[in-house]
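Data from entry-v4.cif: mmCIF, C-alpha atoms and all ligand atoms
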data_structure
#
loop_
_atom_site.label_atom_id
_atom_site.label_comp_id
_atom_site.auth_asym_id
_atom_site.auth_seq_id
_atom_site.Cartn_x
_atom_site.Cartn_y
_atom_site.Cartn_z
CA MET A 25 -42.72 59.03 -1.17
CA ASN A 26 -43.26 57.60 -4.66
CA TYR A 27 -41.15 54.51 -5.13
CA GLU A 28 -40.11 53.81 -8.71
CA LEU A 29 -41.14 50.24 -9.47
CA THR A 30 -40.69 48.11 -12.55
CA ASP A 31 -43.93 47.20 -14.33
CA GLU A 32 -43.60 43.67 -13.00
CA SER A 33 -43.16 44.79 -9.38
CA ARG A 34 -46.01 47.29 -9.61
CA LEU A 35 -48.28 44.57 -10.96
CA TRP A 36 -47.22 42.24 -8.14
CA ALA A 37 -47.87 44.93 -5.52
CA GLU A 38 -51.27 45.79 -7.01
CA GLU A 39 -52.33 42.16 -7.08
CA VAL A 40 -51.21 41.65 -3.50
CA TYR A 41 -52.98 44.84 -2.42
CA GLU A 42 -56.22 43.48 -3.88
CA LYS A 43 -55.77 40.26 -1.90
CA ILE A 44 -55.05 42.25 1.28
CA ARG A 45 -58.20 44.31 0.68
CA VAL A 46 -60.40 41.20 0.41
CA LYS A 47 -58.74 39.47 3.34
CA ILE A 48 -58.87 42.40 5.79
CA LYS A 49 -62.49 43.16 4.90
CA ALA A 50 -63.40 39.55 5.75
CA GLU A 51 -61.26 39.56 8.91
CA CYS A 52 -62.74 42.83 10.11
CA ALA A 53 -66.24 41.35 9.84
CA ARG A 54 -65.13 38.42 12.02
CA VAL A 55 -62.77 40.16 14.45
CA GLY A 56 -64.21 43.68 14.78
CA SER A 57 -62.88 45.34 17.94
CA ALA A 58 -61.44 42.19 19.47
CA ILE A 59 -57.63 42.20 19.77
CA PRO A 60 -56.01 39.35 17.84
CA TYR A 61 -52.47 38.05 18.31
CA ILE A 62 -51.76 34.56 16.89
CA ALA A 63 -54.24 32.70 14.69
CA GLU A 64 -54.67 29.00 15.44
CA ASP A 65 -55.64 26.91 12.41
CA GLY A 66 -56.76 30.07 10.62
CA VAL A 67 -58.87 31.41 13.51
CA TYR A 68 -58.14 34.27 15.91
CA ARG A 69 -59.52 32.51 18.99
CA GLU A 70 -57.81 34.51 21.71
CA ASP A 71 -58.95 38.08 22.30
CA LYS A 72 -56.16 39.96 24.11
CA ALA A 73 -58.75 42.46 25.36
CA GLN A 74 -59.99 39.59 27.54
CA THR A 75 -56.71 37.88 28.35
CA ASP A 76 -53.97 40.55 28.47
CA ILE A 77 -54.91 44.14 27.73
CA CYS A 78 -51.32 45.32 28.40
CA TRP A 79 -49.80 42.92 25.84
CA TRP A 80 -47.26 44.70 23.65
CA THR A 81 -48.79 43.71 20.29
CA ASN A 82 -52.25 45.08 21.03
CA GLY A 83 -51.77 48.05 18.69
CA PHE A 84 -51.09 46.09 15.52
CA TRP A 85 -54.68 45.16 14.66
CA PRO A 86 -55.87 48.78 14.91
CA GLY A 87 -52.69 49.70 13.01
CA ILE A 88 -53.76 47.43 10.13
CA LEU A 89 -57.26 48.90 10.27
CA TRP A 90 -56.05 52.51 10.23
CA GLN A 91 -53.68 51.81 7.33
CA MET A 92 -56.53 50.22 5.38
CA TYR A 93 -58.95 52.99 6.40
CA HIS A 94 -56.47 55.53 5.07
CA ALA A 95 -56.10 53.59 1.81
CA GLN A 96 -59.80 52.93 1.29
CA GLY A 97 -61.96 55.12 3.52
CA ASP A 98 -63.96 52.09 4.75
CA GLU A 99 -65.88 53.21 7.85
CA GLU A 100 -66.02 49.67 9.25
CA PHE A 101 -62.23 49.76 9.66
CA ARG A 102 -62.39 53.11 11.43
CA SER A 103 -65.09 51.97 13.79
CA ALA A 104 -63.34 48.68 14.70
CA ALA A 105 -60.03 50.50 15.29
CA GLN A 106 -61.77 53.08 17.46
CA GLY A 107 -63.30 50.23 19.50
CA VAL A 108 -59.86 48.74 20.21
CA GLU A 109 -58.49 52.15 21.20
CA GLU A 110 -61.23 52.54 23.80
CA LYS A 111 -60.52 49.08 25.21
CA LEU A 112 -56.84 50.00 25.58
CA ASP A 113 -57.83 52.62 28.19
CA GLN A 114 -58.05 49.69 30.58
CA ALA A 115 -54.28 49.21 30.12
CA PHE A 116 -53.72 52.82 31.25
CA HIS A 117 -55.82 52.10 34.34
CA LEU A 118 -53.93 48.90 35.16
CA TYR A 119 -50.56 50.57 34.45
CA THR A 120 -48.38 47.88 36.06
CA GLY A 121 -48.33 45.68 32.94
CA LEU A 122 -47.13 48.52 30.71
CA HIS A 123 -43.50 49.05 29.76
CA HIS A 124 -41.39 50.47 26.91
CA ASP A 125 -43.74 49.00 24.28
CA VAL A 126 -46.33 51.75 24.81
CA GLY A 127 -45.17 53.12 21.43
CA PHE A 128 -46.28 49.98 19.61
CA MET A 129 -49.57 50.10 21.52
CA TRP A 130 -50.60 53.73 21.08
CA LEU A 131 -48.85 54.93 17.91
CA HIS A 132 -50.94 52.42 15.95
CA SER A 133 -54.19 53.11 17.76
CA ALA A 134 -54.72 56.54 19.31
CA VAL A 135 -51.98 58.49 17.50
CA ALA A 136 -53.00 56.97 14.14
CA ASN A 137 -56.60 57.98 14.87
CA TYR A 138 -55.54 61.52 15.80
CA ARG A 139 -53.34 61.83 12.71
CA LEU A 140 -56.17 60.75 10.40
CA THR A 141 -59.25 62.22 12.09
CA GLY A 142 -58.00 64.92 14.48
CA ASN A 143 -59.80 63.19 17.40
CA GLN A 144 -58.75 65.15 20.52
CA ARG A 145 -59.40 62.30 22.96
CA SER A 146 -57.00 60.19 20.85
CA LYS A 147 -54.38 62.93 20.99
CA ALA A 148 -54.66 62.95 24.80
CA ARG A 149 -54.21 59.17 24.88
CA GLY A 150 -51.12 59.44 22.68
CA LEU A 151 -49.58 62.15 24.87
CA HIS A 152 -50.37 60.16 28.00
CA ALA A 153 -48.56 57.13 26.51
CA ALA A 154 -45.61 59.35 25.50
CA ASN A 155 -45.31 60.61 29.07
CA LEU A 156 -45.30 57.04 30.38
CA LEU A 157 -42.42 56.29 28.01
CA ALA A 158 -40.58 59.49 28.96
CA GLY A 159 -40.99 58.52 32.63
CA ARG A 160 -38.79 55.49 32.01
CA TYR A 161 -35.78 57.65 31.14
CA ASN A 162 -32.58 57.22 33.16
CA PRO A 163 -30.68 60.55 33.12
CA ARG A 164 -27.39 59.05 34.40
CA GLY A 165 -27.22 56.28 31.82
CA ARG A 166 -29.07 58.32 29.13
CA PHE A 167 -31.45 55.49 28.19
CA ILE A 168 -35.10 54.53 28.44
CA ARG A 169 -35.32 51.35 30.42
CA SER A 170 -36.95 48.29 28.89
CA TRP A 171 -39.36 45.97 30.71
CA ASN A 172 -40.16 46.16 34.46
CA GLU A 173 -39.41 44.64 37.86
CA ASP A 174 -35.75 44.39 38.85
CA ARG A 175 -34.36 45.24 35.39
CA ALA A 176 -33.56 48.91 35.98
CA GLY A 177 -30.57 48.93 33.62
CA TRP A 178 -31.94 46.74 30.83
CA VAL A 179 -32.34 48.04 27.30
CA ILE A 180 -33.40 46.10 24.20
CA VAL A 181 -32.89 47.08 20.58
CA ASP A 182 -36.66 46.71 19.96
CA SER A 183 -37.10 49.95 21.91
CA MET A 184 -35.97 51.92 18.86
CA MET A 185 -39.41 51.26 17.38
CA ASN A 186 -41.13 52.86 20.37
CA ILE A 187 -39.33 56.18 20.53
CA PRO A 188 -41.15 57.62 17.48
CA LEU A 189 -43.93 58.17 20.05
CA LEU A 190 -41.61 60.70 21.72
CA TYR A 191 -40.78 62.40 18.41
CA TRP A 192 -44.52 62.71 17.74
CA ALA A 193 -45.20 64.14 21.24
CA GLY A 194 -42.39 66.66 20.76
CA GLN A 195 -43.78 67.81 17.40
CA GLU A 196 -47.30 67.96 18.82
CA THR A 197 -46.48 69.93 21.98
CA GLY A 198 -43.49 71.99 20.77
CA ASP A 199 -41.58 70.75 23.84
CA PRO A 200 -38.04 69.72 22.82
CA ARG A 201 -37.53 67.50 25.87
CA TYR A 202 -39.21 64.56 24.14
CA GLU A 203 -36.66 64.67 21.33
CA TYR A 204 -33.75 65.09 23.78
CA LEU A 205 -34.82 61.92 25.59
CA ALA A 206 -35.41 60.01 22.35
CA MET A 207 -32.01 60.99 20.95
CA ASP A 208 -30.15 60.24 24.20
CA HIS A 209 -31.72 56.81 24.08
CA GLY A 210 -31.07 56.38 20.34
CA ASP A 211 -27.39 57.25 20.84
CA THR A 212 -27.02 54.78 23.70
CA VAL A 213 -28.67 51.97 21.75
CA MET A 214 -26.64 52.81 18.64
CA ASN A 215 -23.35 52.82 20.55
CA LEU A 216 -23.95 49.73 22.64
CA THR A 217 -26.20 47.28 20.79
CA VAL A 218 -24.78 47.49 17.26
CA ARG A 219 -21.62 45.45 16.73
CA GLY A 220 -18.87 46.26 14.24
CA ASP A 221 -20.20 43.86 11.60
CA GLY A 222 -23.73 45.35 11.67
CA SER A 223 -25.25 42.60 13.81
CA CYS A 224 -26.95 43.65 17.05
CA ASN A 225 -27.16 42.50 20.62
CA HIS A 226 -30.79 42.04 21.58
CA ILE A 227 -30.26 43.04 25.23
CA ILE A 228 -27.71 45.28 26.92
CA ILE A 229 -27.58 45.57 30.70
CA LEU A 230 -26.22 48.87 31.96
CA ASP A 231 -25.34 50.07 35.42
CA PRO A 232 -28.40 52.23 36.17
CA ALA A 233 -26.25 54.59 38.25
CA THR A 234 -23.56 55.25 35.63
CA GLY A 235 -24.66 53.80 32.28
CA GLU A 236 -21.60 51.55 32.16
CA LEU A 237 -22.18 48.47 30.00
CA LEU A 238 -22.26 45.43 32.30
CA LYS A 239 -23.53 42.51 30.20
CA THR A 240 -25.01 41.48 26.87
CA PRO A 241 -27.06 38.38 27.69
CA GLY A 242 -29.00 36.32 25.17
CA GLY A 243 -32.57 37.43 24.53
CA GLN A 244 -35.19 36.10 22.15
CA GLY A 245 -32.52 34.69 19.83
CA TYR A 246 -30.28 31.64 20.22
CA GLY A 247 -28.06 32.92 23.01
CA PRO A 248 -25.42 35.44 24.13
CA GLY A 249 -23.49 36.84 21.17
CA SER A 250 -26.00 35.52 18.66
CA SER A 251 -27.96 37.56 16.17
CA TRP A 252 -31.76 37.45 16.58
CA SER A 253 -33.17 38.34 13.19
CA ARG A 254 -36.17 40.34 14.41
CA GLY A 255 -33.84 42.34 16.64
CA GLN A 256 -31.81 43.22 13.56
CA ALA A 257 -35.04 44.23 11.81
CA TRP A 258 -36.07 46.48 14.72
CA GLY A 259 -32.62 48.09 14.41
CA ILE A 260 -32.92 48.72 10.66
CA TYR A 261 -36.36 50.29 10.82
CA GLY A 262 -35.88 51.93 14.22
CA PHE A 263 -32.66 53.78 13.32
CA ALA A 264 -34.05 54.79 9.92
CA LEU A 265 -37.10 56.28 11.65
CA SER A 266 -34.92 58.16 14.12
CA TYR A 267 -33.09 59.62 11.12
CA ARG A 268 -36.42 60.68 9.60
CA HIS A 269 -37.39 62.52 12.78
CA THR A 270 -34.04 64.07 13.69
CA GLY A 271 -31.89 64.27 10.54
CA LYS A 272 -28.95 62.83 12.53
CA LYS A 273 -26.89 61.08 9.86
CA ASP A 274 -25.35 58.54 12.25
CA TYR A 275 -28.79 56.96 12.61
CA LEU A 276 -29.17 56.53 8.85
CA ASP A 277 -25.65 55.09 8.57
CA THR A 278 -26.43 52.67 11.39
CA ALA A 279 -29.68 51.59 9.73
CA LYS A 280 -27.72 50.91 6.53
CA GLN A 281 -25.03 49.00 8.38
CA VAL A 282 -27.58 46.71 10.05
CA ALA A 283 -29.45 46.36 6.75
CA SER A 284 -26.27 45.22 4.95
CA TYR A 285 -25.71 42.58 7.58
CA PHE A 286 -29.36 41.45 7.40
CA LEU A 287 -29.30 41.22 3.59
CA ALA A 288 -26.03 39.28 3.58
CA GLN A 289 -27.75 36.69 5.81
CA THR A 290 -31.10 36.48 4.02
CA ASP A 291 -29.45 36.30 0.58
CA ARG A 292 -28.30 32.84 1.66
CA THR A 293 -31.82 31.64 2.54
CA GLY A 294 -33.93 32.84 -0.37
CA HIS A 295 -34.65 36.33 1.07
CA VAL A 296 -36.51 35.06 4.14
CA ALA A 297 -35.05 35.08 7.64
CA VAL A 298 -34.28 32.32 10.09
CA VAL A 299 -34.96 33.22 13.73
CA ASP A 300 -31.30 33.71 14.53
CA PHE A 301 -28.52 34.23 12.00
CA ARG A 302 -26.01 32.68 14.38
CA ALA A 303 -27.96 29.64 15.50
CA PRO A 304 -26.78 26.12 14.58
CA LYS A 305 -27.69 25.13 11.00
CA GLU A 306 -30.17 22.53 12.27
CA PRO A 307 -32.98 22.68 13.21
CA VAL A 308 -34.10 25.42 10.82
CA TYR A 309 -36.48 27.84 12.49
CA TRP A 310 -37.97 30.59 10.33
CA ASP A 311 -39.27 33.98 11.37
CA SER A 312 -41.29 35.60 8.60
CA THR A 313 -41.95 38.65 10.81
CA ALA A 314 -38.27 39.63 10.81
CA GLY A 315 -38.23 39.86 7.03
CA VAL A 316 -41.34 41.98 6.64
CA CYS A 317 -40.27 44.40 9.38
CA ALA A 318 -36.82 44.67 7.78
CA ALA A 319 -38.49 45.31 4.40
CA CYS A 320 -40.32 48.31 5.89
CA GLY A 321 -36.96 49.49 7.23
CA MET A 322 -35.39 49.17 3.76
CA LEU A 323 -38.23 51.22 2.27
CA GLU A 324 -37.67 53.83 4.99
CA ILE A 325 -33.95 53.98 4.14
CA ALA A 326 -34.84 54.25 0.45
CA ALA A 327 -36.90 57.35 1.26
CA HIS A 328 -33.74 59.14 2.45
CA VAL A 329 -31.06 58.20 -0.09
CA PRO A 330 -30.47 59.26 -3.70
CA LYS A 331 -30.56 57.00 -6.72
CA PRO A 332 -29.13 54.49 -7.53
CA GLU A 333 -28.73 53.60 -3.84
CA GLN A 334 -32.46 54.04 -3.45
CA ASP A 335 -33.16 51.35 -6.06
CA PHE A 336 -30.99 48.92 -4.13
CA TYR A 337 -33.09 49.26 -0.97
CA VAL A 338 -36.40 49.12 -2.84
CA GLU A 339 -35.28 45.98 -4.70
CA SER A 340 -34.04 44.44 -1.44
CA ALA A 341 -37.42 45.09 0.20
CA LEU A 342 -39.21 43.66 -2.83
CA ASN A 343 -37.10 40.50 -2.76
CA ILE A 344 -38.12 39.88 0.85
CA LEU A 345 -41.79 40.71 0.30
CA LYS A 346 -42.13 38.59 -2.85
CA ALA A 347 -40.39 35.63 -1.21
CA THR A 348 -42.65 36.02 1.83
CA ASP A 349 -45.72 36.10 -0.40
CA GLU A 350 -44.61 33.02 -2.31
CA ARG A 351 -43.59 30.92 0.68
CA PHE A 352 -45.59 32.07 3.65
CA CYS A 353 -48.80 33.97 2.76
CA ASP A 354 -52.28 32.53 3.11
CA TRP A 355 -54.79 34.47 1.03
CA ASP A 356 -57.90 32.49 1.89
CA PRO A 357 -60.38 35.16 3.08
CA ASN A 358 -62.18 32.56 5.17
CA LYS A 359 -59.10 32.13 7.35
CA ASP A 360 -57.63 34.70 9.76
CA SER A 361 -54.00 35.88 9.32
CA ILE A 362 -51.91 36.41 6.20
CA VAL A 363 -48.20 35.88 6.95
CA GLN A 364 -47.53 32.41 8.35
CA MET A 365 -44.30 31.06 9.88
CA GLY A 366 -43.58 33.79 12.39
CA THR A 367 -41.66 32.92 15.53
CA ALA A 368 -41.83 34.89 18.76
CA SER A 369 -38.52 33.64 20.19
CA TYR A 370 -35.95 30.94 19.47
CA GLU A 371 -36.60 28.82 22.55
CA SER A 372 -40.36 28.98 22.73
CA SER A 373 -41.84 26.06 20.81
CA SER A 374 -45.46 27.10 21.47
CA ASP A 375 -45.20 30.20 19.29
CA ARG A 376 -42.85 28.90 16.62
CA HIS A 377 -43.90 28.87 12.95
CA VAL A 378 -47.20 30.60 13.60
CA PRO A 379 -48.92 33.64 12.07
CA ILE A 380 -48.32 36.62 14.40
CA ILE A 381 -50.29 39.85 14.05
CA TYR A 382 -47.24 42.09 13.57
CA GLY A 383 -46.15 39.97 10.58
CA ASP A 384 -49.39 40.96 8.88
CA TYR A 385 -49.03 44.59 9.98
CA PHE A 386 -45.54 45.05 8.48
CA PHE A 387 -46.36 43.12 5.30
CA ILE A 388 -49.41 45.33 4.72
CA GLU A 389 -47.54 48.52 5.58
CA ALA A 390 -44.77 47.62 3.11
CA VAL A 391 -47.17 46.88 0.24
CA LEU A 392 -49.14 50.08 0.89
CA ARG A 393 -45.86 52.01 0.96
CA LEU A 394 -44.81 50.61 -2.42
CA LEU A 395 -48.09 51.83 -3.88
CA GLY A 396 -48.01 55.22 -2.13
CA LYS A 397 -51.17 54.32 -0.17
CA ASP A 398 -49.71 54.27 3.35
CA PHE A 399 -49.52 57.02 5.93
CA LEU A 400 -46.72 57.49 8.45
CA ILE A 401 -47.82 55.74 11.62
CA TRP A 402 -44.36 55.93 13.29
N1 LIG B 1 -40.56 43.45 21.03
C1 LIG B 1 -40.72 42.06 21.31
C2 LIG B 1 -40.54 41.17 20.15
O1 LIG B 1 -40.10 41.54 19.12
O2 LIG B 1 -40.85 40.01 20.31
#

Please render this file's structure as structure tokens.
Amino acid sequence: MNYELTDESRLWAEEVYEKIRVKIKAECARVGSAIPYIAEDGVYREDKAQTDICWWTNGFWPGILWQMYHAQGDEEFRSAAQGVEEKLDQAFHLYTGLHHDVGFMWLHSAVANYRLTGNQRSKARGLHAANLLAGRYNPRGRFIRSWNEDRAGWVIVDSMMNIPLLYWAGQETGDPRYEYLAMDHGDTVMNLTVRGDGSCNHIIILDPATGELLKTPGGQGYGPGSSWSRGQAWGIYGFALSYRHTGKKDYLDTAKQVASYFLAQTDRTGHVAVVDFRAPKEPVYWDSTAGVCAACGMLEIAAHVPKPEQDFYVESALNILKATDERFCDWDPNKDSIVQMGTASYESSSDRHVPIIYGDYFFIEAVLRLLGKDFLIW
């Protein structure tokens, strides 16, 4: 979609795009087909292909490369992304480390490749991943279980970002079962994670035999009943994407409800998000990744609403992105990672206030979207 931007915002987006272009070109030369996660002192030291091939974020680097390949046609990006996709086959072989995050892993690698190049091997990988996700469906509780081991009835709001893999598989194969599963799951998550005020539970635990809601424990946020900002962001973008794929208006309304809550919180902190909106005031922990993911969600909502409502969501996304640029972005092409100050979870001090690969992915996707240079990866 073509977003209507003011001259000032267009100029900002074009200048940032130029900086992204320079930075990703330099990073690609250094990183190639390794799989980065968190940069330490401006260097991607760890290669997840060596340390944890099943790690849930392993699709974001190829996702960045495919977005930039689509925008620029640079063959180096295509070749590096293809290299990561081949390495991810090892995760299929291992299998036991995989869970509901197969959408994040293969939508941004194999499915992106297939969408842009028609590669048939990539299509097969994407369908294989979709079937792994479908295999996690619980027909009694009407949900796709999250994580593994003894958590048969656990569901997390993040999962809404993975079910676009099922919508894609349904469109690709003409088999409506994928959409039935995705919508059953979407309805369950919508009904049980989203609270009346638009905040979300991160985790819901259901009785796997009946689907009855048993517990809402704390997750990656501050604690039970709190409001983990990245979870809210997954809700905004995830429900908006489910609306895109199904046309079910409840999903769009839910995305808007969570977005209103998110914006009310970030308006108080200069348009960037703390890790948990219901944590004590001190210490202040930021999570830049929540903001940039929410911004993509706002742009997705904007694509489905008429003016002047559309302008509100575009402006809200721009406020977040500009504040993130001003406060948290590192544009030095000699250093790896763009968006600093991401936080994986409230309690974990080792990955607090660090640049995390998905922060860069969502920031780049949002800027490309504003300029009409993105392609739909979800
Ligand atoms: N989906 C896991 C996370 O957001 O950290």

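Interatomic distance, atom CA of A:Lys72 against atom CA of A:Ser374: 16.9 Å.
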
Please define a box with edges along x, y and z of the file around all atoms of stretch 233-247 of chain A given in the file, extend it by 6 Å on each side, and return its centre and edge lengths in Å to one decimal, as lines of an AutoDock Vina configuration file.
center_x = -28.4
center_y = 43.4
center_z = 29.0
size_x = 25.6
size_y = 35.6
size_z = 30.4

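For the atom pair formed by atom CA of A:Ile44 and atom CA of A:Thr293, the distance is 25.6 Å, given to one decimal.
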
- [ ] Write as a PyMOL selection string the residues around ligand LIG 1 (chain B), taking 12 Å as the cut-off and counting all atoms listed in the file.
- [x] chain A and resi 61+79-82+123-129+170-171+179-186+226-227+243-245+252-259+262+299+311+313-314+317+366-370+372+375-376+380-383

Open item on the list: Between atom CA of A:Trp90 and atom CA of A:Tyr385, what is the distance in Å, rounded to a tenth?
Closed with: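 Answer for the atom CA of A:Trp90 to atom CA of A:Tyr385 separation: 10.6 Å.
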
Task: Residue among A:Gly150, A:Gly177, A:Gly107, A:Gly87 lying closest to A:Thr240, counting only C-alpha atoms - done: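 Comparing A:Gly150, A:Gly177, A:Gly107, A:Gly87 against A:Thr240, the winner is A:Gly177.
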
Task: Selection near A:Arg34, 12 Å with all atoms listed in the file, sequence-local residues under 3 positions removed, as a PyMOL selection string - done: chain A and resi 26-31+37-41+338-339+342+346+391-396

Task: Among the residues A:Gly165, A:Gly222, A:Gly56, A:Pro200, the one that comes closest to A:Leu287 [using all atoms listed in the file] - done: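 Using all atoms listed in the file, the shortest distance to A:Leu287 belongs to A:Gly222.
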